[in-house]
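Colleague: Sharing entry_12.csv, CSV, C-alpha atoms:
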chain,number,residue,atom,x,y,z
A,1,ASN,CA,78.6,-27.7,-49.5
A,2,ALA,CA,79.2,-25.2,-46.7
A,3,GLY,CA,82.5,-25.2,-45.0
A,4,VAL,CA,83.2,-25.0,-41.3
A,5,MET,CA,81.1,-22.2,-39.9
A,6,GLN,CA,82.2,-20.2,-36.9
A,7,ASN,CA,80.3,-17.5,-35.1
A,8,PRO,CA,80.5,-14.8,-34.1
A,9,ARG,CA,83.3,-13.7,-36.3
A,10,HIS,CA,84.1,-10.9,-33.9
A,11,LEU,CA,83.3,-10.7,-30.2
A,12,VAL,CA,84.1,-7.9,-27.8
A,13,ARG,CA,83.8,-8.6,-24.1
A,14,ARG,CA,84.8,-6.7,-20.9
A,15,ARG,CA,87.0,-8.4,-18.3
A,16,GLY,CA,85.0,-10.8,-16.2
A,17,GLN,CA,82.4,-11.5,-18.8
A,18,GLU,CA,81.8,-14.8,-20.5
A,19,ALA,CA,82.6,-15.6,-24.2
A,20,ARG,CA,80.9,-18.3,-26.1
A,21,LEU,CA,82.2,-19.3,-29.5
A,22,ARG,CA,80.3,-21.6,-31.8
A,23,CYS,CA,81.5,-24.0,-34.5
A,24,SER,CA,79.4,-26.0,-36.9
A,25,PRO,CA,81.6,-28.6,-38.7
A,26,MET,CA,81.3,-29.5,-42.3
A,27,LYS,CA,78.5,-31.8,-43.1
A,28,GLY,CA,79.5,-35.4,-42.4
A,29,HIS,CA,82.4,-34.4,-40.1
A,30,SER,CA,82.3,-35.8,-36.6
A,31,HIS,CA,85.7,-34.5,-35.4
A,32,VAL,CA,86.2,-31.0,-34.2
A,33,TYR,CA,89.3,-29.2,-33.1
A,34,TRP,CA,89.9,-25.8,-31.5
A,35,TYR,CA,93.0,-23.8,-32.0
A,36,ARG,CA,94.0,-20.4,-30.6
A,37,GLN,CA,96.1,-17.8,-32.3
A,38,LEU,CA,97.5,-15.1,-30.1
A,39,PRO,CA,98.5,-11.9,-31.8
A,40,GLU,CA,101.6,-12.3,-34.1
A,41,GLU,CA,101.9,-16.0,-33.3
A,42,GLY,CA,101.1,-19.3,-34.8
A,43,LEU,CA,98.1,-21.4,-34.0
A,44,LYS,CA,98.2,-23.6,-30.9
A,45,PHE,CA,96.1,-26.7,-30.4
A,46,MET,CA,93.6,-26.5,-27.6
A,47,VAL,CA,91.1,-29.4,-27.7
A,48,TYR,CA,89.9,-32.2,-29.9
A,49,LEU,CA,86.3,-33.4,-29.6
A,50,GLN,CA,84.0,-36.0,-31.1
A,51,LYS,CA,80.3,-36.0,-30.6
A,52,GLU,CA,79.6,-35.9,-26.9
A,53,ASN,CA,83.3,-36.8,-26.1
A,54,ILE,CA,86.4,-34.8,-25.3
A,55,ILE,CA,89.2,-36.8,-26.8
A,56,ASP,CA,92.2,-34.6,-26.1
A,57,GLU,CA,92.2,-31.3,-24.1
A,58,SER,CA,95.9,-31.2,-23.4
A,59,GLY,CA,96.1,-27.7,-24.9
A,60,MET,CA,93.3,-26.2,-22.9
A,61,PRO,CA,94.0,-23.8,-20.0
A,62,LYS,CA,93.1,-25.6,-16.8
A,63,GLU,CA,90.7,-22.9,-15.6
A,64,ARG,CA,88.0,-20.8,-17.2
A,65,PHE,CA,88.0,-22.7,-20.5
A,66,SER,CA,85.7,-25.5,-21.5
A,67,ALA,CA,84.5,-27.1,-24.7
A,68,GLU,CA,81.7,-29.3,-25.7
A,69,PHE,CA,80.4,-30.9,-28.9
A,70,PRO,CA,76.8,-32.1,-28.1
A,71,LYS,CA,75.0,-34.8,-30.0
A,72,GLU,CA,72.9,-32.1,-31.7
A,73,GLY,CA,74.1,-28.6,-32.5
A,74,PRO,CA,77.4,-26.9,-32.8
A,75,SER,CA,80.6,-27.2,-30.8
A,76,ILE,CA,81.0,-24.5,-28.2
A,77,LEU,CA,84.2,-23.1,-26.8
A,78,ARG,CA,83.3,-21.3,-23.5
A,79,ILE,CA,85.6,-18.9,-21.7
A,80,GLN,CA,84.5,-17.7,-18.3
A,81,GLN,CA,85.6,-14.5,-16.6
A,82,VAL,CA,87.7,-13.4,-19.6
A,83,VAL,CA,90.9,-11.5,-19.1
A,84,ARG,CA,92.8,-9.4,-21.6
A,85,GLY,CA,95.2,-12.2,-22.3
A,86,ASP,CA,92.3,-14.2,-23.8
A,87,SER,CA,92.2,-11.8,-26.7
A,88,ALA,CA,93.0,-13.9,-29.7
A,89,ALA,CA,91.6,-15.5,-32.8
A,90,TYR,CA,90.0,-18.9,-32.1
A,91,PHE,CA,89.9,-21.3,-35.0
A,92,CYS,CA,87.7,-24.3,-35.3
A,93,ALA,CA,88.6,-27.2,-37.6
A,94,SER,CA,86.8,-30.3,-38.5
A,95,SER,CA,87.5,-33.6,-40.2
A,96,PRO,CA,85.5,-36.7,-41.2
A,97,PRO,CA,86.3,-40.0,-39.5
A,98,SER,CA,88.1,-41.2,-42.6
A,99,GLN,CA,90.5,-38.3,-42.5
A,100,ALA,CA,90.9,-38.2,-38.8
A,101,ASN,CA,94.2,-40.0,-39.0
A,102,THR,CA,95.8,-38.0,-41.8
A,103,GLY,CA,95.8,-34.6,-40.1
A,104,GLU,CA,93.8,-33.1,-42.9
A,105,LEU,CA,91.7,-30.5,-41.2
A,106,PHE,CA,89.3,-28.0,-42.7
A,107,PHE,CA,89.4,-24.7,-40.9
A,108,GLY,CA,86.8,-22.1,-40.3
A,109,GLU,CA,87.4,-18.4,-40.7
A,110,GLY,CA,88.0,-17.9,-37.0
A,111,SER,CA,86.4,-16.0,-34.2
A,112,ARG,CA,88.2,-12.9,-33.0
A,113,LEU,CA,87.8,-12.2,-29.4
A,114,THR,CA,88.7,-8.8,-28.0
A,115,VAL,CA,88.7,-8.3,-24.2
A,116,LEU,CA,88.5,-4.7,-23.1
B,1,ALA,CA,109.0,-33.0,-28.7
B,2,GLN,CA,107.5,-31.7,-31.9
B,3,LYS,CA,108.5,-28.4,-33.2
B,4,VAL,CA,108.3,-26.3,-36.3
B,5,THR,CA,110.6,-23.4,-36.9
B,6,GLN,CA,110.1,-20.7,-39.4
B,7,ALA,CA,113.1,-18.5,-38.9
B,8,GLN,CA,112.0,-15.8,-41.4
B,9,THR,CA,109.6,-13.5,-39.6
B,10,GLU,CA,109.0,-11.2,-42.5
B,11,ILE,CA,110.1,-11.1,-46.1
B,12,SER,CA,109.6,-8.2,-48.5
B,13,VAL,CA,109.9,-8.7,-52.3
B,14,VAL,CA,108.9,-6.8,-55.4
B,15,GLU,CA,106.3,-8.3,-57.7
B,16,LYS,CA,107.7,-11.0,-60.1
B,17,GLU,CA,110.5,-11.9,-57.8
B,18,ASP,CA,110.8,-15.5,-56.7
B,19,VAL,CA,110.7,-16.1,-52.9
B,20,THR,CA,111.4,-19.1,-50.7
B,21,LEU,CA,109.9,-19.6,-47.3
B,22,ASP,CA,111.9,-21.8,-45.0
B,23,CYS,CA,110.4,-24.5,-42.7
B,24,VAL,CA,112.4,-26.8,-40.4
B,25,TYR,CA,110.7,-29.3,-38.2
B,26,GLU,CA,111.6,-31.6,-35.4
B,27,THR,CA,109.9,-34.9,-34.5
B,28,ARG,CA,111.0,-38.3,-33.3
B,29,ASP,CA,108.2,-39.9,-35.3
B,30,THR,CA,109.1,-41.6,-38.6
B,31,THR,CA,105.6,-41.1,-39.9
B,32,TYR,CA,104.1,-37.7,-40.0
B,33,TYR,CA,102.4,-35.1,-42.3
B,34,LEU,CA,103.6,-31.7,-43.2
B,35,PHE,CA,101.4,-28.8,-44.3
B,36,TRP,CA,101.5,-25.3,-45.5
B,37,TYR,CA,98.7,-22.8,-44.9
B,38,LYS,CA,98.2,-19.3,-46.1
B,39,GLN,CA,96.6,-16.6,-43.9
B,40,PRO,CA,95.6,-13.6,-46.0
B,41,PRO,CA,94.9,-10.2,-44.3
B,42,SER,CA,91.2,-11.3,-44.1
B,43,GLY,CA,92.3,-13.8,-41.5
B,44,GLU,CA,91.1,-17.2,-42.7
B,45,LEU,CA,93.4,-20.1,-43.1
B,46,VAL,CA,93.8,-21.4,-46.6
B,47,PHE,CA,95.1,-25.0,-47.0
B,48,LEU,CA,97.9,-25.2,-49.6
B,49,ILE,CA,99.5,-28.6,-49.4
B,50,ARG,CA,99.8,-31.8,-47.3
B,51,ARG,CA,102.8,-34.1,-47.7
B,52,ASN,CA,103.4,-37.4,-45.9
B,53,SER,CA,106.9,-38.3,-44.6
B,54,PHE,CA,107.3,-41.1,-47.0
B,55,ASP,CA,106.9,-39.0,-50.1
B,56,GLU,CA,109.9,-36.9,-50.7
B,57,GLN,CA,109.0,-35.9,-54.3
B,58,ASN,CA,109.0,-32.2,-54.8
B,59,GLU,CA,105.7,-30.8,-55.9
B,60,ILE,CA,104.7,-28.0,-58.2
B,61,SER,CA,101.3,-26.4,-58.4
B,62,GLY,CA,101.2,-23.4,-60.7
B,63,ARG,CA,103.6,-20.8,-59.3
B,64,TYR,CA,104.0,-22.7,-56.0
B,65,SER,CA,106.5,-25.4,-55.4
B,66,TRP,CA,107.6,-27.4,-52.4
B,67,ASN,CA,110.9,-28.9,-51.5
B,68,PHE,CA,110.8,-31.7,-48.9
B,69,GLN,CA,114.2,-32.8,-47.6
B,70,LYS,CA,114.0,-35.4,-44.9
B,71,SER,CA,117.8,-35.4,-44.4
B,72,THR,CA,117.6,-31.8,-43.3
B,73,SER,CA,114.1,-31.9,-41.8
B,74,SER,CA,113.0,-29.1,-44.1
B,75,PHE,CA,109.9,-28.4,-46.1
B,76,ASN,CA,110.5,-25.2,-48.0
B,77,PHE,CA,108.0,-23.4,-50.1
B,78,THR,CA,108.8,-21.3,-53.1
B,79,ILE,CA,106.6,-18.8,-54.9
B,80,THR,CA,107.7,-18.1,-58.4
B,81,ALA,CA,107.0,-14.7,-60.0
B,82,SER,CA,105.3,-13.4,-56.9
B,83,GLN,CA,102.2,-11.3,-57.1
B,84,VAL,CA,100.7,-8.7,-54.8
B,85,VAL,CA,97.9,-11.2,-54.0
B,86,ASP,CA,100.5,-13.5,-52.5
B,87,SER,CA,100.9,-11.1,-49.6
B,88,ALA,CA,99.9,-13.0,-46.5
B,89,VAL,CA,101.3,-14.9,-43.5
B,90,TYR,CA,102.3,-18.4,-44.4
B,91,PHE,CA,102.4,-21.2,-41.8
B,92,CYS,CA,104.2,-24.5,-41.9
B,93,ALA,CA,102.7,-27.2,-39.7
B,94,LEU,CA,103.5,-30.8,-38.6
B,95,SER,CA,101.1,-33.6,-37.7
B,96,PRO,CA,103.0,-36.4,-36.0
B,97,MET,CA,101.9,-40.0,-35.7
B,98,ASN,CA,102.3,-40.0,-31.9
B,99,THR,CA,99.3,-37.8,-31.6
B,100,GLY,CA,97.3,-40.0,-34.0
B,101,PHE,CA,97.8,-37.2,-36.5
B,102,GLN,CA,95.1,-35.4,-34.5
B,103,LYS,CA,97.1,-32.3,-33.7
B,104,LEU,CA,98.9,-29.8,-35.9
B,105,VAL,CA,102.0,-28.2,-34.5
B,106,PHE,CA,102.3,-24.8,-36.3
B,107,GLY,CA,105.4,-22.6,-36.8
B,108,THR,CA,105.1,-18.9,-35.9
B,109,GLY,CA,104.6,-18.0,-39.5
B,110,THR,CA,106.4,-15.9,-42.2
B,111,ARG,CA,104.8,-12.7,-43.3
B,112,LEU,CA,105.3,-12.1,-47.0
B,113,LEU,CA,104.9,-8.6,-48.4
B,114,VAL,CA,104.8,-8.3,-52.1
B,115,SER,CA,104.9,-4.8,-53.4
B,116,PRO,CA,104.0,-3.7,-56.9
Show me, as structure tokens, the structure contained in the file I just sent.

Modeller:
Amino acid sequence: NAGVMQNPRHLVRRRGQEARLRCSPMKGHSHVYWYRQLPEEGLKFMVYLQKENIIDESGMPKERFSAEFPKEGPSILRIQQVVRGDSAAYFCASSPPSQANTGELFFGEGSRLTVL
Amino acid sequence: AQKVTQAQTEISVVEKEDVTLDCVYETRDTTYYLFWYKQPPSGELVFLIRRNSFDEQNEISGRYSWNFQKSTSSFNFTITASQVVDSAVYFCALSPMNTGFQKLVFGTGTRLLVSP
């Protein structure tokens, strides 16, 4: 039973390029969450999605960042026109509907974005 | 507002010493969950424990134990007879009911260094 799969594990982009991070939740999980960890800091909530719906994006920067979780395929976190301050580890987590109200999240191994 | 404070930025111990990692939280909710996660040097997040706010019983799992004190809003984590493999960053997190338990609020983490 595969866990939450994130790819790429490491991504290097130059300023102004786009970054796309993918997350495949655990089998049977329909809730996906994205968290960002800046260097030497804790994780910060970005967005919570269910299939084809954004439920809570209160932690997402207003510009350049977007997320989706289509009916088919992985969830995508997209960062347009990246800047050095976007360099961070981006963690995806998932939960099944039955656990969605207990806070029990299963985290992926993270995608580390470096902006040159 | 929800907040988790891990005042200890870094702790260094010698193998076989006991060590306690402090966690203090703030929330107005009476119902919430508390978590501890381990982040080893490889970067992934490893779930250690989840505790709901109505269960103040202390818990022991092998060399790990947790002390939940609602009166002081603390959820401290003790490692007994520490080992080099315990070296990691440890995060305490809070999941309050007013977010539908959908968001985790993380502390800034405590880096534990266990030397031989």

Colleague: Up to 10 Å from chain B, what residues of chain A turn up? Count all atoms listed in the file and give them as an NGL selection string.

Modeller: :A and (31-35 or 37 or 40-48 or 55-56 or 59 or 89 or 91 or 95 or 99-112)

Colleague: I'd like the interatomic distance between CA of Glu72 in chain A and CA of Ser24 in chain A, to a tenth of an Å.

Modeller: 10.3 Å

Colleague: CA of Ser87 in chain B and CA of Pro41 in chain B, how far apart in Å?

Modeller: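 So the two atoms, CA of Pro41 in chain B and CA of Ser87 in chain B, lie 8.1 Å apart.
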
Colleague: Near range 64-71 of chain A, counting all atoms listed in the file, which residues have an atom at most 7 Å away, once you skip same-chain residues fewer than 5 positions from it, shown as a ChimeraX atom specification?

Modeller: /A:49-52,76-81

Colleague: Between CA of Tyr25 in chain B and CA of Lys70 in chain B, measure the distance and give it in Å to one decimal.

Modeller: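 We find that CA of Tyr25 in chain B and CA of Lys70 in chain B lie 9.6 Å from each other.
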
Colleague: Excluding Phe68 in chain B and any residue of its chain fewer than 5 positions from it, enumerate the residues within 7 Å of it, using only C-alpha atoms, and give them as a list in words.

Modeller: Glu56, Asn58, Ser74, Phe75 and Asn76 of chain B

Colleague: Taking all atoms listed in the file into account, which of B:Thr31, B:Pro116, B:Asp86, B:Gly62 comes nearest Glu15 in chain B?

Modeller: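 Comparing B:Thr31, B:Pro116, B:Asp86, B:Gly62 against Glu15 in chain B, the winner is B:Pro116.
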
Colleague: Would you fill out range 1-20 of chain B with N, CA and C atoms and return it as a PDB file, in the coordinates of the input?

Modeller:
ATOM      1  N   ALA B   1     109.935 -34.188 -28.561  1.00  0.00           N
ATOM      2  CA  ALA B   1     109.000 -33.000 -28.700  1.00  0.00           C
ATOM      3  C   ALA B   1     108.895 -32.680 -30.171  1.00  0.00           C
ATOM      4  N   GLN B   2     107.768 -32.104 -30.484  1.00  0.00           N
ATOM      5  CA  GLN B   2     107.500 -31.700 -31.900  1.00  0.00           C
ATOM      6  C   GLN B   2     107.671 -30.203 -31.961  1.00  0.00           C
ATOM      7  N   LYS B   3     108.302 -29.786 -33.022  1.00  0.00           N
ATOM      8  CA  LYS B   3     108.500 -28.400 -33.200  1.00  0.00           C
ATOM      9  C   LYS B   3     108.646 -27.988 -34.628  1.00  0.00           C
ATOM     10  N   VAL B   4     108.142 -26.819 -34.978  1.00  0.00           N
ATOM     11  CA  VAL B   4     108.300 -26.300 -36.300  1.00  0.00           C
ATOM     12  C   VAL B   4     108.891 -24.899 -36.220  1.00  0.00           C
ATOM     13  N   THR B   5     109.951 -24.684 -36.965  1.00  0.00           N
ATOM     14  CA  THR B   5     110.600 -23.400 -36.900  1.00  0.00           C
ATOM     15  C   THR B   5     110.568 -22.704 -38.272  1.00  0.00           C
ATOM     16  N   GLN B   6     110.031 -21.517 -38.263  1.00  0.00           N
ATOM     17  CA  GLN B   6     110.100 -20.700 -39.400  1.00  0.00           C
ATOM     18  C   GLN B   6     110.878 -19.440 -39.061  1.00  0.00           C
ATOM     19  N   ALA B   7     112.138 -19.489 -39.430  1.00  0.00           N
ATOM     20  CA  ALA B   7     113.100 -18.500 -38.900  1.00  0.00           C
ATOM     21  C   ALA B   7     112.841 -17.110 -39.539  1.00  0.00           C
ATOM     22  N   GLN B   8     112.251 -17.062 -40.714  1.00  0.00           N
ATOM     23  CA  GLN B   8     112.000 -15.800 -41.400  1.00  0.00           C
ATOM     24  C   GLN B   8     110.706 -15.189 -40.836  1.00  0.00           C
ATOM     25  N   THR B   9     110.826 -14.096 -40.131  1.00  0.00           N
ATOM     26  CA  THR B   9     109.600 -13.500 -39.600  1.00  0.00           C
ATOM     27  C   THR B   9     108.866 -12.725 -40.664  1.00  0.00           C
ATOM     28  N   GLU B  10     109.614 -11.999 -41.474  1.00  0.00           N
ATOM     29  CA  GLU B  10     109.000 -11.200 -42.500  1.00  0.00           C
ATOM     30  C   GLU B  10     109.901 -11.114 -43.726  1.00  0.00           C
ATOM     31  N   ILE B  11     109.306 -11.229 -44.894  1.00  0.00           N
ATOM     32  CA  ILE B  11     110.100 -11.100 -46.100  1.00  0.00           C
ATOM     33  C   ILE B  11     109.349 -10.092 -47.025  1.00  0.00           C
ATOM     34  N   SER B  12     110.126  -9.187 -47.598  1.00  0.00           N
ATOM     35  CA  SER B  12     109.600  -8.200 -48.500  1.00  0.00           C
ATOM     36  C   SER B  12     110.196  -8.418 -49.904  1.00  0.00           C
ATOM     37  N   VAL B  13     109.366  -8.523 -50.909  1.00  0.00           N
ATOM     38  CA  VAL B  13     109.900  -8.700 -52.300  1.00  0.00           C
ATOM     39  C   VAL B  13     109.057  -7.740 -53.174  1.00  0.00           C
ATOM     40  N   VAL B  14     109.581  -7.571 -54.366  1.00  0.00           N
ATOM     41  CA  VAL B  14     108.900  -6.800 -55.400  1.00  0.00           C
ATOM     42  C   VAL B  14     108.222  -7.810 -56.324  1.00  0.00           C
ATOM     43  N   GLU B  15     107.078  -7.428 -56.817  1.00  0.00           N
ATOM     44  CA  GLU B  15     106.300  -8.300 -57.700  1.00  0.00           C
ATOM     45  C   GLU B  15     107.261  -8.906 -58.779  1.00  0.00           C
ATOM     46  N   LYS B  16     106.980 -10.156 -59.091  1.00  0.00           N
ATOM     47  CA  LYS B  16     107.700 -11.000 -60.100  1.00  0.00           C
ATOM     48  C   LYS B  16     108.974 -11.584 -59.581  1.00  0.00           C
ATOM     49  N   GLU B  17     109.367 -11.217 -58.391  1.00  0.00           N
ATOM     50  CA  GLU B  17     110.500 -11.900 -57.800  1.00  0.00           C
ATOM     51  C   GLU B  17     110.109 -13.269 -57.316  1.00  0.00           C
ATOM     52  N   ASP B  18     111.063 -14.198 -57.283  1.00  0.00           N
ATOM     53  CA  ASP B  18     110.800 -15.500 -56.700  1.00  0.00           C
ATOM     54  C   ASP B  18     111.179 -15.380 -55.178  1.00  0.00           C
ATOM     55  N   VAL B  19     110.459 -16.140 -54.367  1.00  0.00           N
ATOM     56  CA  VAL B  19     110.700 -16.100 -52.900  1.00  0.00           C
ATOM     57  C   VAL B  19     110.568 -17.472 -52.330  1.00  0.00           C
ATOM     58  N   THR B  20     111.454 -17.804 -51.408  1.00  0.00           N
ATOM     59  CA  THR B  20     111.400 -19.100 -50.700  1.00  0.00           C
ATOM     60  C   THR B  20     111.187 -18.898 -49.247  1.00  0.00           C
TER      61      THR B  20
END
